[in-house]
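For reference, the structure is listed below as structure tokens.
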Amino acid sequence: MVEVEGLTKVFSTPRGNVVALKDVSFSVKKGELVVVCGPSGSGKTTLLSIIGGLTRPTSGMVMVNGTYLNSLTFAELASFRLQNLGFAFQFSGLIPSLTLRENLILPLLLKNKKTTNMRRIEELAKELKLTSRLNSYPSEISGGEARRAALIRALANSPPLLLADEPTGDLDEESANLIEKVLKGFNQKGTTIILATHDKKLAQIASRIFYLKNGSLVN
Ligand SMILES: Nc1ncnc2c1ncn2[C@@H]1O[C@H](COP(=O)(O)OP(=O)(O)O)[C@@H](O)[C@H]1O
Ligand SMILES: [Mg+2]
């Protein structure tokens, strides 16, 4: 499902170059639930962004679901994302001027799937205890609720691959448990998941764990 080889990412900043990833190679098979662990600044978000086609690597190869991302234009990457993956960001990324319901419908509209999948969203909202918040705006809900909503949005189109960046970071136990349950459920039904986290409890659901340190994979 995912193959990366020799992935390196260097950010140029006014204070010099920052090497966020250094020669990272691994592959993830369809149906796996892989956790990427590592301290803050070790490159987890950069790695997920590259796999999700949001950031281009400085060098190295990325293949997701049979497609080489390196050769795609930005427009092609956008349509690739819509077809192949859901991304639950470290910060919820909900659109502030839309209600939760509107935020959650957005990926369906983009993919023309509104009629078939709306019920799915209602079910997920129920499972994640968000039903009573669907008419609220992002500014009116808690951090835990926003993170749960972001997860539903990422899963709305039933993507073959889910990328989740610290989905339970700084959350209360109830929210974290709900999120864990939904991730497990989707994985059991076949969704491949790559999860960045330093939540040791959440990491236990992984079939494999990768450790990143200063941008390199370590054992
Ligand atoms: N857009 C950027 N510009 C410059 N440096 C960045 C940028 N994004 C990330 N970095 C740097 O790359 C390194 C890895 O960051 P990140 O991938 O966010 O790590 P993590 O998610 O593990 O905390 C850090 O040193 C960070 O400061
Ligand atoms: Mg991060």
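Each chain of the structure tokens is named A, B, ... in the order shown, its residues numbered from 1; ligands are numbered from 1 in display order.
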Could you give me, as a tab-separated table, a per-residue list for chain A showing, wherever an atom lies at most 7 Å from an atom of ligand 1, the closest pair of atoms and their distance in Å to one decimal, using only C-alpha atoms and all ligand atoms and sorting by chain then residue number from low to high?
```
residue	atom	partner	partner_atom_place_in_ligand_line	distance
A:Phe11	CA	ligand 1	4 (C)	4.8
A:Ser12	CA	ligand 1	4 (C)	6.4
A:Thr13	CA	ligand 1	4 (C)	5.8
A:Val18	CA	ligand 1	5 (N)	5.8
A:Val19	CA	ligand 1	12 (O)	6.4
A:Ala20	CA	ligand 1	12 (O)	4.0
A:Gly38	CA	ligand 1	22 (O)	6.1
A:Pro39	CA	ligand 1	22 (O)	5.9
A:Ser40	CA	ligand 1	23 (O)	3.6
A:Gly41	CA	ligand 1	19 (O)	3.5
A:Ser42	CA	ligand 1	22 (O)	3.9
A:Gly43	CA	ligand 1	17 (O)	3.2
A:Lys44	CA	ligand 1	22 (O)	3.8
A:Thr45	CA	ligand 1	21 (O)	3.7
A:Thr46	CA	ligand 1	17 (O)	3.7
A:Leu47	CA	ligand 1	17 (O)	6.4
A:Gly215	CA	ligand 1	14 (C)	6.9
```
Take the residues just selected and output them with N, CA, C and O atoms as a PDB file, in the first residue's frame.
```pdb
ATOM      1  N   PHE A  11      14.451  21.272   4.930  1.00  0.00           N
ATOM      2  CA  PHE A  11      13.781  22.575   4.868  1.00  0.00           C
ATOM      3  C   PHE A  11      14.849  23.661   4.907  1.00  0.00           C
ATOM      4  O   PHE A  11      15.723  23.635   5.780  1.00  0.00           O
ATOM      5  N   SER A  12      14.757  24.616   3.972  1.00  0.00           N
ATOM      6  CA  SER A  12      15.671  25.762   4.043  1.00  0.00           C
ATOM      7  C   SER A  12      15.008  26.846   4.857  1.00  0.00           C
ATOM      8  O   SER A  12      13.871  27.227   4.569  1.00  0.00           O
ATOM      9  N   THR A  13      15.655  27.315   5.856  1.00  0.00           N
ATOM     10  CA  THR A  13      15.108  28.387   6.679  1.00  0.00           C
ATOM     11  C   THR A  13      16.139  29.512   6.730  1.00  0.00           C
ATOM     12  O   THR A  13      17.307  29.302   6.380  1.00  0.00           O
ATOM     13  N   VAL A  18      17.308  22.672   7.700  1.00  0.00           N
ATOM     14  CA  VAL A  18      16.870  21.728   8.729  1.00  0.00           C
ATOM     15  C   VAL A  18      16.606  20.396   8.037  1.00  0.00           C
ATOM     16  O   VAL A  18      15.808  20.326   7.103  1.00  0.00           O
ATOM     17  N   VAL A  19      17.299  19.369   8.474  1.00  0.00           N
ATOM     18  CA  VAL A  19      17.074  18.047   7.899  1.00  0.00           C
ATOM     19  C   VAL A  19      15.965  17.369   8.704  1.00  0.00           C
ATOM     20  O   VAL A  19      16.166  16.957   9.841  1.00  0.00           O
ATOM     21  N   ALA A  20      14.767  17.301   8.120  1.00  0.00           N
ATOM     22  CA  ALA A  20      13.619  16.739   8.858  1.00  0.00           C
ATOM     23  C   ALA A  20      13.556  15.226   8.696  1.00  0.00           C
ATOM     24  O   ALA A  20      13.121  14.524   9.604  1.00  0.00           O
ATOM     25  N   GLY A  38       8.123   8.648  17.994  1.00  0.00           N
ATOM     26  CA  GLY A  38       9.340   9.449  18.027  1.00  0.00           C
ATOM     27  C   GLY A  38       9.065  10.732  18.758  1.00  0.00           C
ATOM     28  O   GLY A  38       7.928  11.204  18.773  1.00  0.00           O
ATOM     29  N   PRO A  39      10.104  11.312  19.355  1.00  0.00           N
ATOM     30  CA  PRO A  39       9.908  12.554  20.100  1.00  0.00           C
ATOM     31  C   PRO A  39       9.500  13.700  19.182  1.00  0.00           C
ATOM     32  O   PRO A  39       9.615  13.595  17.953  1.00  0.00           O
ATOM     33  N   SER A  40       9.032  14.761  19.779  1.00  0.00           N
ATOM     34  CA  SER A  40       8.658  15.956  19.038  1.00  0.00           C
ATOM     35  C   SER A  40       9.861  16.429  18.209  1.00  0.00           C
ATOM     36  O   SER A  40      10.989  16.462  18.700  1.00  0.00           O
ATOM     37  N   GLY A  41       9.623  16.748  16.947  1.00  0.00           N
ATOM     38  CA  GLY A  41      10.702  17.219  16.084  1.00  0.00           C
ATOM     39  C   GLY A  41      11.445  16.105  15.359  1.00  0.00           C
ATOM     40  O   GLY A  41      12.375  16.368  14.597  1.00  0.00           O
ATOM     41  N   SER A  42      11.007  14.849  15.546  1.00  0.00           N
ATOM     42  CA  SER A  42      11.756  13.745  14.939  1.00  0.00           C
ATOM     43  C   SER A  42      11.382  13.512  13.472  1.00  0.00           C
ATOM     44  O   SER A  42      12.029  12.726  12.793  1.00  0.00           O
ATOM     45  N   GLY A  43      10.324  14.176  13.002  1.00  0.00           N
ATOM     46  CA  GLY A  43       9.993  14.067  11.571  1.00  0.00           C
ATOM     47  C   GLY A  43       8.687  13.357  11.258  1.00  0.00           C
ATOM     48  O   GLY A  43       8.365  13.125  10.091  1.00  0.00           O
ATOM     49  N   LYS A  44       7.885  13.046  12.288  1.00  0.00           N
ATOM     50  CA  LYS A  44       6.649  12.279  12.079  1.00  0.00           C
ATOM     51  C   LYS A  44       5.681  12.999  11.138  1.00  0.00           C
ATOM     52  O   LYS A  44       5.172  12.420  10.182  1.00  0.00           O
ATOM     53  N   THR A  45       5.414  14.272  11.436  1.00  0.00           N
ATOM     54  CA  THR A  45       4.453  15.019  10.619  1.00  0.00           C
ATOM     55  C   THR A  45       4.969  15.177   9.188  1.00  0.00           C
ATOM     56  O   THR A  45       4.205  15.029   8.220  1.00  0.00           O
ATOM     57  N   THR A  46       6.251  15.438   9.055  1.00  0.00           N
ATOM     58  CA  THR A  46       6.837  15.570   7.718  1.00  0.00           C
ATOM     59  C   THR A  46       6.663  14.271   6.939  1.00  0.00           C
ATOM     60  O   THR A  46       6.270  14.284   5.759  1.00  0.00           O
ATOM     61  N   LEU A  47       6.906  13.150   7.594  1.00  0.00           N
ATOM     62  CA  LEU A  47       6.766  11.851   6.922  1.00  0.00           C
ATOM     63  C   LEU A  47       5.327  11.625   6.459  1.00  0.00           C
ATOM     64  O   LEU A  47       5.085  11.254   5.300  1.00  0.00           O
ATOM     65  N   GLY A 215      14.921  12.367  12.423  1.00  0.00           N
ATOM     66  CA  GLY A 215      14.679  12.175  10.993  1.00  0.00           C
ATOM     67  C   GLY A 215      15.118  10.838  10.433  1.00  0.00           C
ATOM     68  O   GLY A 215      14.923  10.578   9.248  1.00  0.00           O
TER      69      GLY A 215
END
```
Between region 19-122 of chain A and region 135-139 of chain A, at 6 Å or less, what are the per-residue closest atom pairs and their distances in Å? Count only C-alpha atoms, order by chain and rising residue number, and return it as a tab-separated table.
```
residue	atom	partner	partner_atom	distance
A:Pro96	CA	A:Pro138	CA	5.6
A:Thr99	CA	A:Tyr137	CA	4.4
A:Leu100	CA	A:Tyr137	CA	5.9
```
Resulting file, chosen residues, N, CA and C atoms, as a PDB file, in the first residue's frame:
```pdb
ATOM      1  N   PRO A  96     -13.383  27.111  10.013  1.00  0.00           N
ATOM      2  CA  PRO A  96     -14.087  27.796  11.103  1.00  0.00           C
ATOM      3  C   PRO A  96     -15.455  28.342  10.720  1.00  0.00           C
ATOM      4  N   THR A  99     -20.293  24.779   9.900  1.00  0.00           N
ATOM      5  CA  THR A  99     -20.655  23.941  11.046  1.00  0.00           C
ATOM      6  C   THR A  99     -19.936  22.599  10.914  1.00  0.00           C
ATOM      7  N   LEU A 100     -19.985  21.819  12.006  1.00  0.00           N
ATOM      8  CA  LEU A 100     -19.357  20.498  11.936  1.00  0.00           C
ATOM      9  C   LEU A 100     -19.968  19.667  10.830  1.00  0.00           C
TER      10      LEU A 100
END
```
### Query
Out of A:Val182, A:Leu85, A:Leu21, A:Ala146, which residue has the shortest atom-to-atom distance to Leu104 (chain A) when counting only C-alpha atoms?
A:Ala146
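Residue neighbourhood of Gly169 (chain A), excluding near-sequence residues (fewer than 3 positions): Gln90, Phe91, Gly144, Arg147, Asp165, Glu166, Asp172, Ala176, Ala196, Thr197, His198 and Asp199 of chain A, at 10 Å, using only C-alpha atoms.
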For the selection just defined, write its residues with N, CA and C atoms to a file, as a PDB file, in the first residue's frame.
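Result saved to selection_10.pdb:
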```pdb
ATOM      1  N   GLN A  90      -2.689  16.763  12.850  1.00  0.00           N
ATOM      2  CA  GLN A  90      -2.329  16.951  14.254  1.00  0.00           C
ATOM      3  C   GLN A  90      -3.232  18.026  14.879  1.00  0.00           C
ATOM      4  N   PHE A  91      -3.496  19.090  14.142  1.00  0.00           N
ATOM      5  CA  PHE A  91      -4.454  20.094  14.604  1.00  0.00           C
ATOM      6  C   PHE A  91      -5.646  19.946  13.675  1.00  0.00           C
ATOM      7  N   GLY A 144     -11.157  17.952  22.107  1.00  0.00           N
ATOM      8  CA  GLY A 144     -11.407  16.523  21.891  1.00  0.00           C
ATOM      9  C   GLY A 144     -12.479  16.309  20.836  1.00  0.00           C
ATOM     10  N   ARG A 147     -11.068  17.049  17.358  1.00  0.00           N
ATOM     11  CA  ARG A 147     -10.213  15.971  16.881  1.00  0.00           C
ATOM     12  C   ARG A 147     -11.057  14.800  16.403  1.00  0.00           C
ATOM     13  N   ASP A 165      -2.267  11.929  12.354  1.00  0.00           N
ATOM     14  CA  ASP A 165      -1.119  12.547  13.021  1.00  0.00           C
ATOM     15  C   ASP A 165      -1.484  12.892  14.462  1.00  0.00           C
ATOM     16  N   GLU A 166      -0.961  12.145  15.395  1.00  0.00           N
ATOM     17  CA  GLU A 166      -1.236  12.325  16.823  1.00  0.00           C
ATOM     18  C   GLU A 166      -2.717  12.546  17.099  1.00  0.00           C
ATOM     19  N   ASP A 172      -8.558  14.152  26.451  1.00  0.00           N
ATOM     20  CA  ASP A 172      -9.085  13.462  27.625  1.00  0.00           C
ATOM     21  C   ASP A 172      -9.218  11.980  27.302  1.00  0.00           C
ATOM     22  N   ALA A 176      -9.894   9.923  23.697  1.00  0.00           N
ATOM     23  CA  ALA A 176      -8.817   9.055  23.213  1.00  0.00           C
ATOM     24  C   ALA A 176      -9.326   7.630  23.016  1.00  0.00           C
ATOM     25  N   ALA A 196       0.867   8.485  13.519  1.00  0.00           N
ATOM     26  CA  ALA A 196       1.999   9.049  14.260  1.00  0.00           C
ATOM     27  C   ALA A 196       1.509   9.333  15.669  1.00  0.00           C
ATOM     28  N   THR A 197       2.242   8.860  16.649  1.00  0.00           N
ATOM     29  CA  THR A 197       1.795   9.103  18.019  1.00  0.00           C
ATOM     30  C   THR A 197       2.942   8.933  18.999  1.00  0.00           C
ATOM     31  N   HIS A 198       2.861   9.617  20.135  1.00  0.00           N
ATOM     32  CA  HIS A 198       3.734   9.173  21.215  1.00  0.00           C
ATOM     33  C   HIS A 198       2.893   8.739  22.414  1.00  0.00           C
ATOM     34  N   ASP A 199       1.634   8.408  22.103  1.00  0.00           N
ATOM     35  CA  ASP A 199       0.726   7.865  23.109  1.00  0.00           C
ATOM     36  C   ASP A 199       0.988   6.349  23.190  1.00  0.00           C
TER      37      ASP A 199
END
```
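Shortest separation to Pro159 (chain A) among A:Ala88, A:Ile95, A:Leu128, A:Leu72 occurs at residue A:Ala88, atoms counted being only C-alpha atoms.
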### Long-range neighbours of region 73-77 of chain A as number ranges by chain, 9 Å cut-off, only C-alpha atoms, 4 positions minimum in chain
A: 52-54, 69, 81-82
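Of the listed residues (A:Leu183, A:Leu130, A:Leu161, A:Ile193), A:Ile193 comes nearest to Glu32 (chain A); the distances count only C-alpha atoms.
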